[in-house]
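What's in work10.txt: compact mmCIF, C-alpha atoms
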```
# COMPACT_ATOMS: atom_id res chain seq x y z
CA MET A 1490 -33.50 -3.18 50.04
CA ASN A 1491 -31.02 -0.79 48.43
CA ILE A 1492 -27.52 -2.19 47.90
CA LEU A 1493 -24.56 -0.13 46.65
CA VAL A 1494 -21.45 -1.41 44.85
CA THR A 1495 -18.59 0.49 43.16
CA ILE A 1496 -16.38 -1.56 40.86
CA ASN A 1497 -14.42 -1.77 37.63
CA ALA A 1498 -14.43 -4.69 35.17
CA ASN A 1499 -11.87 -6.68 37.17
CA TYR A 1500 -14.41 -7.23 39.95
CA LEU A 1501 -17.43 -8.21 37.86
CA LYS A 1502 -17.14 -11.94 38.62
CA PRO A 1503 -16.54 -11.53 42.38
CA LEU A 1504 -19.48 -9.11 42.44
CA GLN A 1505 -21.74 -11.76 40.94
CA VAL A 1506 -20.64 -14.28 43.57
CA MET A 1507 -21.39 -11.77 46.32
CA LEU A 1508 -24.81 -11.01 44.84
CA LYS A 1509 -25.62 -14.70 44.36
CA SER A 1510 -24.86 -15.45 48.01
CA MET A 1511 -26.98 -12.48 49.08
CA PHE A 1512 -29.94 -13.49 46.93
CA ILE A 1513 -29.83 -17.11 48.13
CA ASN A 1514 -29.69 -16.25 51.82
CA ASN A 1515 -32.23 -13.43 51.73
CA PRO A 1516 -35.04 -15.05 49.71
CA GLN A 1517 -37.81 -12.78 50.99
CA GLU A 1518 -36.06 -9.54 50.06
CA GLU A 1519 -36.38 -7.44 46.92
CA PHE A 1520 -33.02 -5.90 46.07
CA TYR A 1521 -32.21 -2.75 44.11
CA VAL A 1522 -28.52 -2.93 43.27
CA TYR A 1523 -27.04 0.52 42.68
CA LEU A 1524 -23.75 0.43 40.80
CA ILE A 1525 -21.54 3.53 40.65
CA HIS A 1526 -18.89 3.21 37.96
CA SER A 1527 -16.92 5.17 35.39
CA SER A 1528 -15.48 2.60 33.01
CA LEU A 1529 -17.72 -0.44 32.52
CA LYS A 1530 -18.68 -1.19 28.93
CA GLU A 1531 -22.26 -1.37 27.73
CA GLU A 1532 -22.06 -5.13 27.16
CA GLU A 1533 -20.70 -5.63 30.69
CA LEU A 1534 -23.58 -3.66 32.16
CA THR A 1535 -26.07 -5.57 30.02
CA ALA A 1536 -24.70 -8.92 31.20
CA LEU A 1537 -24.80 -7.82 34.84
CA ASP A 1538 -28.32 -6.49 34.44
CA GLN A 1539 -29.40 -9.83 32.96
CA PHE A 1540 -27.77 -11.74 35.82
CA ILE A 1541 -29.58 -9.65 38.42
CA SER A 1542 -32.94 -9.65 36.63
CA ASP A 1543 -32.72 -13.44 36.25
CA HIS A 1544 -32.85 -13.52 40.06
CA ASN A 1545 -35.86 -11.18 40.08
CA HIS A 1546 -33.98 -8.14 41.35
CA GLN A 1547 -33.06 -4.83 39.70
CA LEU A 1548 -29.82 -3.15 38.66
CA ARG A 1549 -29.63 0.63 38.65
CA ALA A 1550 -26.33 1.77 37.18
CA VAL A 1551 -24.97 5.26 37.78
CA THR A 1552 -22.15 6.40 35.51
CA ILE A 1553 -19.87 9.18 36.76
CA SER A 1554 -16.97 10.97 35.15
CA ASP A 1555 -13.68 9.11 35.01
CA ASP A 1556 -12.04 12.35 36.16
CA TYR A 1557 -13.25 11.83 39.72
CA PHE A 1558 -10.28 10.88 41.93
CA LYS A 1559 -8.06 10.52 38.85
CA ASP A 1560 -5.02 11.65 40.88
CA ALA A 1561 -5.95 9.84 44.10
CA PRO A 1562 -3.52 7.16 45.29
CA ILE A 1563 -4.33 3.52 44.60
CA LEU A 1564 -2.19 0.76 46.06
CA MET A 1565 -1.97 -3.02 45.79
CA HIS A 1566 -5.45 -4.47 45.16
CA TYR A 1567 -7.27 -1.17 45.72
CA THR A 1568 -8.91 0.62 42.81
CA LYS A 1569 -9.99 4.17 42.09
CA GLU A 1570 -13.60 3.01 42.19
CA MET A 1571 -13.30 2.44 45.94
CA TYR A 1572 -13.44 6.19 46.44
CA TYR A 1573 -16.79 6.45 44.69
CA ARG A 1574 -18.73 5.27 47.74
CA LEU A 1575 -17.72 8.54 49.41
CA LEU A 1576 -19.81 10.40 46.81
CA ALA A 1577 -22.87 8.16 47.13
CA CYS A 1578 -25.10 10.82 48.65
CA LYS A 1579 -24.25 13.18 45.79
CA VAL A 1580 -24.79 10.84 42.83
CA LEU A 1581 -27.54 8.46 43.93
CA PRO A 1582 -31.20 9.45 43.40
CA PRO A 1583 -32.23 12.25 45.80
CA ASP A 1584 -35.27 10.32 47.05
CA LEU A 1585 -33.08 7.48 48.33
CA ASP A 1586 -32.74 7.77 52.10
CA ARG A 1587 -30.46 4.81 52.88
CA VAL A 1588 -28.30 2.26 51.13
CA LEU A 1589 -26.09 -0.62 52.23
CA TYR A 1590 -22.66 -0.57 50.61
CA LEU A 1591 -20.93 -3.96 50.20
CA ASP A 1592 -17.45 -4.71 48.87
CA PRO A 1593 -17.29 -7.34 46.08
CA ASP A 1594 -14.88 -9.51 48.14
CA ILE A 1595 -17.75 -10.51 50.42
CA ILE A 1596 -20.19 -13.36 50.68
CA VAL A 1597 -23.49 -13.00 52.52
CA ILE A 1598 -24.38 -16.14 54.43
CA ASN A 1599 -27.34 -15.01 56.56
CA GLU A 1600 -30.00 -12.32 56.65
CA LEU A 1601 -29.29 -8.61 56.10
CA LYS A 1602 -32.63 -7.15 57.13
CA THR A 1603 -31.65 -6.54 60.76
CA LEU A 1604 -28.61 -4.54 59.69
CA TYR A 1605 -30.46 -2.66 56.97
CA GLN A 1606 -33.22 -1.54 59.34
CA LEU A 1607 -30.79 -0.34 62.01
CA ASP A 1608 -31.73 3.03 63.51
CA LEU A 1609 -29.08 5.48 62.34
CA ALA A 1610 -30.57 8.54 64.09
CA ASP A 1611 -27.87 11.24 63.82
CA TYR A 1612 -25.17 8.97 62.39
CA LEU A 1613 -23.86 9.29 58.84
CA TYR A 1614 -22.84 5.64 58.65
CA ALA A 1615 -22.93 2.35 60.50
CA ALA A 1616 -19.77 0.25 60.23
CA ALA A 1617 -17.59 -2.23 62.10
CA TYR A 1618 -14.03 -1.83 63.31
CA HIS A 1619 -11.61 -4.69 63.78
CA LYS A 1620 -10.40 -4.89 67.37
CA ARG A 1621 -6.67 -5.01 66.88
CA VAL A 1622 -5.30 -2.11 68.92
CA PRO A 1623 -1.82 -1.71 67.30
CA ILE A 1624 -3.41 -1.23 63.87
CA ARG A 1625 -5.76 1.42 65.23
CA GLU A 1626 -3.00 3.37 66.94
CA ILE A 1627 -0.74 3.29 63.87
CA ASN A 1628 -3.56 4.65 61.71
CA LYS A 1629 -4.28 7.45 64.19
CA ILE A 1630 -0.67 8.59 64.10
CA ARG A 1631 -0.36 8.20 60.33
CA LEU A 1632 -3.42 10.37 59.68
CA ASN A 1633 -2.88 12.85 62.55
CA ALA A 1634 -6.32 11.75 63.78
CA TYR A 1635 -5.60 11.74 67.50
CA GLU A 1636 -9.28 12.11 68.40
CA MET A 1637 -10.24 9.08 66.32
CA GLU A 1638 -11.32 6.44 68.82
CA GLU A 1639 -11.64 3.56 66.34
CA TYR A 1640 -10.60 2.82 62.76
CA TYR A 1641 -13.62 1.55 60.85
CA ASN A 1642 -13.55 -0.85 57.92
CA SER A 1643 -15.30 0.61 54.87
CA GLY A 1644 -16.17 -2.72 53.23
CA VAL A 1645 -19.63 -2.74 54.81
CA LEU A 1646 -21.32 0.63 55.24
CA LEU A 1647 -24.93 1.36 56.04
CA MET A 1648 -25.39 4.91 54.79
CA ASN A 1649 -27.77 7.58 56.04
CA LEU A 1650 -28.02 9.36 52.70
CA GLN A 1651 -30.47 11.98 53.88
CA LEU A 1652 -28.15 13.23 56.62
CA GLN A 1653 -25.09 12.88 54.41
CA ARG A 1654 -26.60 15.28 51.88
CA GLU A 1655 -26.88 17.85 54.66
CA LEU A 1656 -23.45 17.41 56.23
CA ILE A 1657 -20.99 16.02 53.68
CA ASP A 1658 -19.10 18.46 51.48
CA GLU A 1659 -17.59 16.68 48.49
CA GLN A 1660 -14.93 19.38 48.13
CA GLU A 1661 -13.74 18.58 51.64
CA ILE A 1662 -13.21 14.99 50.49
CA PHE A 1663 -11.25 16.03 47.41
CA ASP A 1664 -9.15 18.46 49.46
CA PHE A 1665 -8.35 15.79 52.04
CA VAL A 1666 -7.24 13.30 49.39
CA ASP A 1667 -5.02 15.93 47.79
CA LYS A 1668 -3.50 16.99 51.12
CA TYR A 1669 -2.77 13.49 52.43
CA LYS A 1670 -2.27 11.53 49.21
CA ASN A 1671 1.24 10.53 50.28
CA ARG A 1672 -0.13 9.01 53.50
CA LEU A 1673 -3.23 7.22 52.22
CA ILE A 1674 -2.63 3.48 52.48
CA MET A 1675 -6.22 2.26 52.84
CA PRO A 1676 -7.54 4.79 50.27
CA ASP A 1677 -11.19 5.68 50.91
CA GLN A 1678 -11.10 4.04 54.34
CA ASP A 1679 -8.52 6.59 55.51
CA VAL A 1680 -10.74 9.42 54.27
CA LEU A 1681 -13.85 7.99 55.88
CA ASN A 1682 -12.21 7.62 59.28
CA SER A 1683 -10.36 10.92 59.29
CA LEU A 1684 -13.38 13.00 58.34
CA TYR A 1685 -16.37 11.12 59.73
CA ALA A 1686 -15.32 8.62 62.42
CA LYS A 1687 -17.28 10.48 65.11
CA ARG A 1688 -20.47 10.13 63.07
CA ILE A 1689 -20.21 6.37 62.54
CA LYS A 1690 -22.39 3.97 64.53
CA THR A 1691 -20.57 0.81 65.55
CA ILE A 1692 -21.90 -2.57 64.45
CA SER A 1693 -20.59 -6.02 65.30
CA GLU A 1694 -17.59 -7.15 63.26
CA ILE A 1695 -18.38 -10.78 64.08
CA LYS A 1696 -21.87 -10.49 62.65
CA TYR A 1697 -21.53 -7.95 59.87
CA ASN A 1698 -17.88 -7.67 58.79
CA TYR A 1699 -16.14 -10.89 59.72
CA ASP A 1700 -12.51 -10.74 58.55
CA THR A 1701 -11.91 -14.26 57.25
CA ARG A 1702 -8.16 -14.03 57.87
CA TYR A 1703 -8.70 -14.13 61.64
CA TYR A 1704 -10.78 -17.21 62.37
CA ILE A 1705 -8.31 -18.42 65.00
CA TYR A 1706 -8.10 -14.95 66.58
CA TYR A 1707 -11.89 -14.63 66.89
CA ARG A 1708 -12.15 -18.11 68.35
CA LEU A 1709 -9.42 -17.50 70.92
CA MET A 1710 -10.69 -14.06 71.95
CA SER A 1711 -14.21 -15.46 72.46
CA LYS A 1712 -12.86 -18.40 74.49
CA GLY A 1713 -14.08 -20.82 71.88
CA GLU A 1714 -17.60 -19.44 71.44
CA VAL A 1715 -17.09 -18.02 67.95
CA ASP A 1716 -16.26 -21.31 66.29
CA MET A 1717 -17.29 -22.52 62.83
CA ASP A 1718 -20.80 -23.48 63.95
CA TYR A 1719 -21.29 -20.04 65.47
CA VAL A 1720 -20.14 -18.26 62.32
CA ILE A 1721 -22.27 -20.32 59.95
CA ASN A 1722 -25.38 -19.79 62.07
CA ASN A 1723 -24.91 -16.19 63.25
CA THR A 1724 -22.61 -14.23 60.95
CA SER A 1725 -24.28 -12.41 58.08
CA ILE A 1726 -21.24 -11.13 56.18
CA LEU A 1727 -17.89 -12.81 55.56
CA HIS A 1728 -15.29 -10.34 54.27
CA PHE A 1729 -12.21 -11.66 52.45
CA CYS A 1730 -10.02 -8.70 53.42
CA GLY A 1731 -6.45 -8.28 52.26
CA LYS A 1732 -4.50 -8.77 49.06
CA LYS A 1733 -5.10 -12.52 48.79
CA LYS A 1734 -8.57 -13.29 47.43
CA PRO A 1735 -10.51 -16.58 47.31
CA TRP A 1736 -10.88 -16.42 43.52
CA HIS A 1737 -7.08 -16.41 43.10
CA LYS A 1738 -5.16 -19.62 42.48
CA ASN A 1739 -3.23 -20.93 45.49
CA TYR A 1740 -5.48 -19.10 47.95
CA ARG A 1741 -5.41 -20.73 51.36
CA GLY A 1742 -8.06 -19.73 53.82
CA VAL A 1743 -10.45 -21.30 56.32
CA PHE A 1744 -13.51 -20.23 54.32
CA HIS A 1745 -12.13 -20.98 50.86
CA ALA A 1746 -14.40 -23.99 50.27
CA LEU A 1747 -17.47 -21.98 51.25
CA TYR A 1748 -16.55 -19.26 48.77
CA LYS A 1749 -15.97 -21.82 46.03
CA HIS A 1750 -19.40 -23.28 46.77
CA TYR A 1751 -21.09 -19.95 45.99
CA GLU A 1752 -18.79 -19.40 43.03
CA LYS A 1753 -19.93 -22.73 41.57
CA LEU A 1754 -23.59 -21.84 42.13
CA THR A 1755 -23.02 -18.52 40.37
CA PHE A 1756 -21.33 -19.75 37.22
CA ARG A 1757 -22.59 -23.30 36.71
CA SER A 1758 -24.14 -23.84 33.31
```
Would you put the structure from the file into structure tokens?
Amino acid sequence: MNILVTINANYLKPLQVMLKSMFINNPQEEFYVYLIHSSLKEEELTALDQFISDHNHQLRAVTISDDYFKDAPILMHYTKEMYYRLLACKVLPPDLDRVLYLDPDIIVINELKTLYQLDLADYLYAAAYHKRVPIREINKIRLNAYEMEEYYNSGVLLMNLQLQRELIDEQEIFDFVDKYKNRLIMPDQDVLNSLYAKRIKTISEIKYNYDTRYYIYYRLMSKGEVDMDYVINNTSILHFCGKKKPWHKNYRGVFHALYKHYEKLTFRS
């Protein structure tokens, strides 16, 4: 299974926690972890490679120029590296036909095979959107994207690399960032939705991109069905969206203890 991540050094530890959770809960899978970066040091890559190989999986690092997106806006906890996933089809090996992108602020608590094998047909991506209508409408107005039916979260993206190589023009991406750089609040996510929303296949947010900030919301909207038991047994991906992260001191969140459990498994001596 091909996994894609795009990070700088600040996210190396959260990345290892994400990978550890994925390895533990997908024991039958063989993972090839593709890392697109522009600034990691050789010793950092060596340590990450050792961590992954110790779990019997493989790291395949792809270094790109630091000039890419050098003038693109980055806000709050977002980094320039977040844009790199938009270039995946251009910089990953040409024989790779699909890859599953995962943000480092994720833990994987159940199987990924069903998602990875999803039929993408004529879609460029598969992704989830979070069903909060006011947010969607604000983003449509902000980006002049009046034909955009949903606003997808880019933290989990199943990518149809073969079709992307045919249809995605990297210059169009650069031009969009330059044109709207004063409006981009959710960096790469704004680009993804504005340019490609109509070619994104919808997947379940509850199963594959569960926003951990909204446990109460999900439970209420499902009339109690999506409770803690449901999530633990059915959700594959927990996403710690937002500025506050579970590796920060004073974090308060429903799934904090679960994250700390995988963190302990990752870094115990």
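With only C-alpha atoms as the atoms that count, the residue of A:Glu1639, A:Asp1555, A:Asp1584, A:Glu1655 with the shortest distance to Thr1691 (chain A) is A:Glu1639.
Closest approach to Val1666 (chain A) among A:Tyr1572, A:Leu1613, A:Ser1725, A:His1745: A:Tyr1572, based on all atoms listed in the file.
Within 7 Å of region 1505-1519 of chain A, once all atoms listed in the file are used and residues closer than 5 positions along the same chain are dropped, the contacting residues are Met1490, His1546, Pro1593, Ile1595, Ile1596, Val1597, Ile1598, Asn1599, Glu1600, Tyr1751, Glu1752 and Thr1755 of chain A.
Using all atoms listed in the file, the smallest distance between any of A:Ser1683, A:Gln1660, A:Gln1653, A:Asn1642 and Gly1731 (chain A) comes from A:Asn1642.
Of the residues under consideration (A:Leu1727, A:Leu1501, A:Val1580, A:Ala1536), A:Leu1727 shows the shortest atom-to-atom contact distance to Gly1644 (chain A) when counting only C-alpha atoms.
With all atoms listed in the file as the atoms that count, the residue of A:Ala1617, A:Leu1709, A:Ile1553, A:Ile1525 with the shortest distance to Asn1682 (chain A) is A:Ala1617.
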Worksheet item: Within 12 Å of Lys1753 (chain A), counting all atoms listed in the file, which residues qualify if same-chain residues fewer than 3 places away don't, as number ranges by chain?
Response: A: 1502-1503, 1505-1506, 1509-1510, 1736, 1746-1750, 1756-1758
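With only C-alpha atoms as the atoms that count, the minimum distance from Ala1615 (chain A) to the choices A:Ser1643, A:Gln1678, A:Thr1701, A:Ser1528 is reached by A:Ser1643.
The space between CA of Glu1694 (chain A) and CA of Leu1575 (chain A) spans 20.9 Å.
The space separating CA of Leu1604 (chain A) from CA of Leu1647 (chain A) comes to 7.9 Å.
In this model, the gap between CA of Leu1493 (chain A) and CA of Leu1754 (chain A) comes to 22.2 Å.
Only residues having an atom at most 8 Å from (-25.4, 6.6, 52.2) are included; using all atoms listed in the file, these are Ala1577, Cys1578, Asp1586, Arg1587, Val1588, Leu1589, Tyr1590, Leu1613, Tyr1614, Leu1646, Leu1647, Met1648, Asn1649, Leu1650, Gln1651 and Gln1653 of chain A.
Using only C-alpha atoms, the contacts of Ser1693 (chain A) at a cut-off of 12 Å, with sequence neighbours closer than 5 positions omitted, comprise Thr1603, Leu1604, Ala1615, Ala1616, Ala1617, Tyr1618, His1619, Lys1620, Tyr1641, Asn1642, Val1645, Asn1698, Tyr1699, Asp1700, Asn1723, Thr1724, Ser1725 and Ile1726 of chain A.
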Output C-alpha atoms of each residue in that selection to a file, as a compact mmCIF listing (two decimals), keeping the file's coordinate frame.
```
# COMPACT_ATOMS: atom_id res chain seq x y z
CA THR A 1603 -31.65 -6.54 60.76
CA LEU A 1604 -28.61 -4.54 59.69
CA ALA A 1615 -22.93 2.35 60.50
CA ALA A 1616 -19.77 0.25 60.23
CA ALA A 1617 -17.59 -2.23 62.10
CA TYR A 1618 -14.03 -1.83 63.31
CA HIS A 1619 -11.61 -4.69 63.78
CA LYS A 1620 -10.40 -4.89 67.37
CA TYR A 1641 -13.62 1.55 60.85
CA ASN A 1642 -13.55 -0.85 57.92
CA VAL A 1645 -19.63 -2.74 54.81
CA ASN A 1698 -17.88 -7.67 58.79
CA TYR A 1699 -16.14 -10.89 59.72
CA ASP A 1700 -12.51 -10.74 58.55
CA ASN A 1723 -24.91 -16.19 63.25
CA THR A 1724 -22.61 -14.23 60.95
CA SER A 1725 -24.28 -12.41 58.08
CA ILE A 1726 -21.24 -11.13 56.18
```
Padded axis-aligned box of region 1682-1691 of chain A (8 Å per side), centre and edge lengths, Å, one decimal, as JSON:
```
{"center_x": -16.4, "center_y": 6.9, "center_z": 61.9, "size_x": 28.0, "size_y": 28.2, "size_z": 23.2}
```
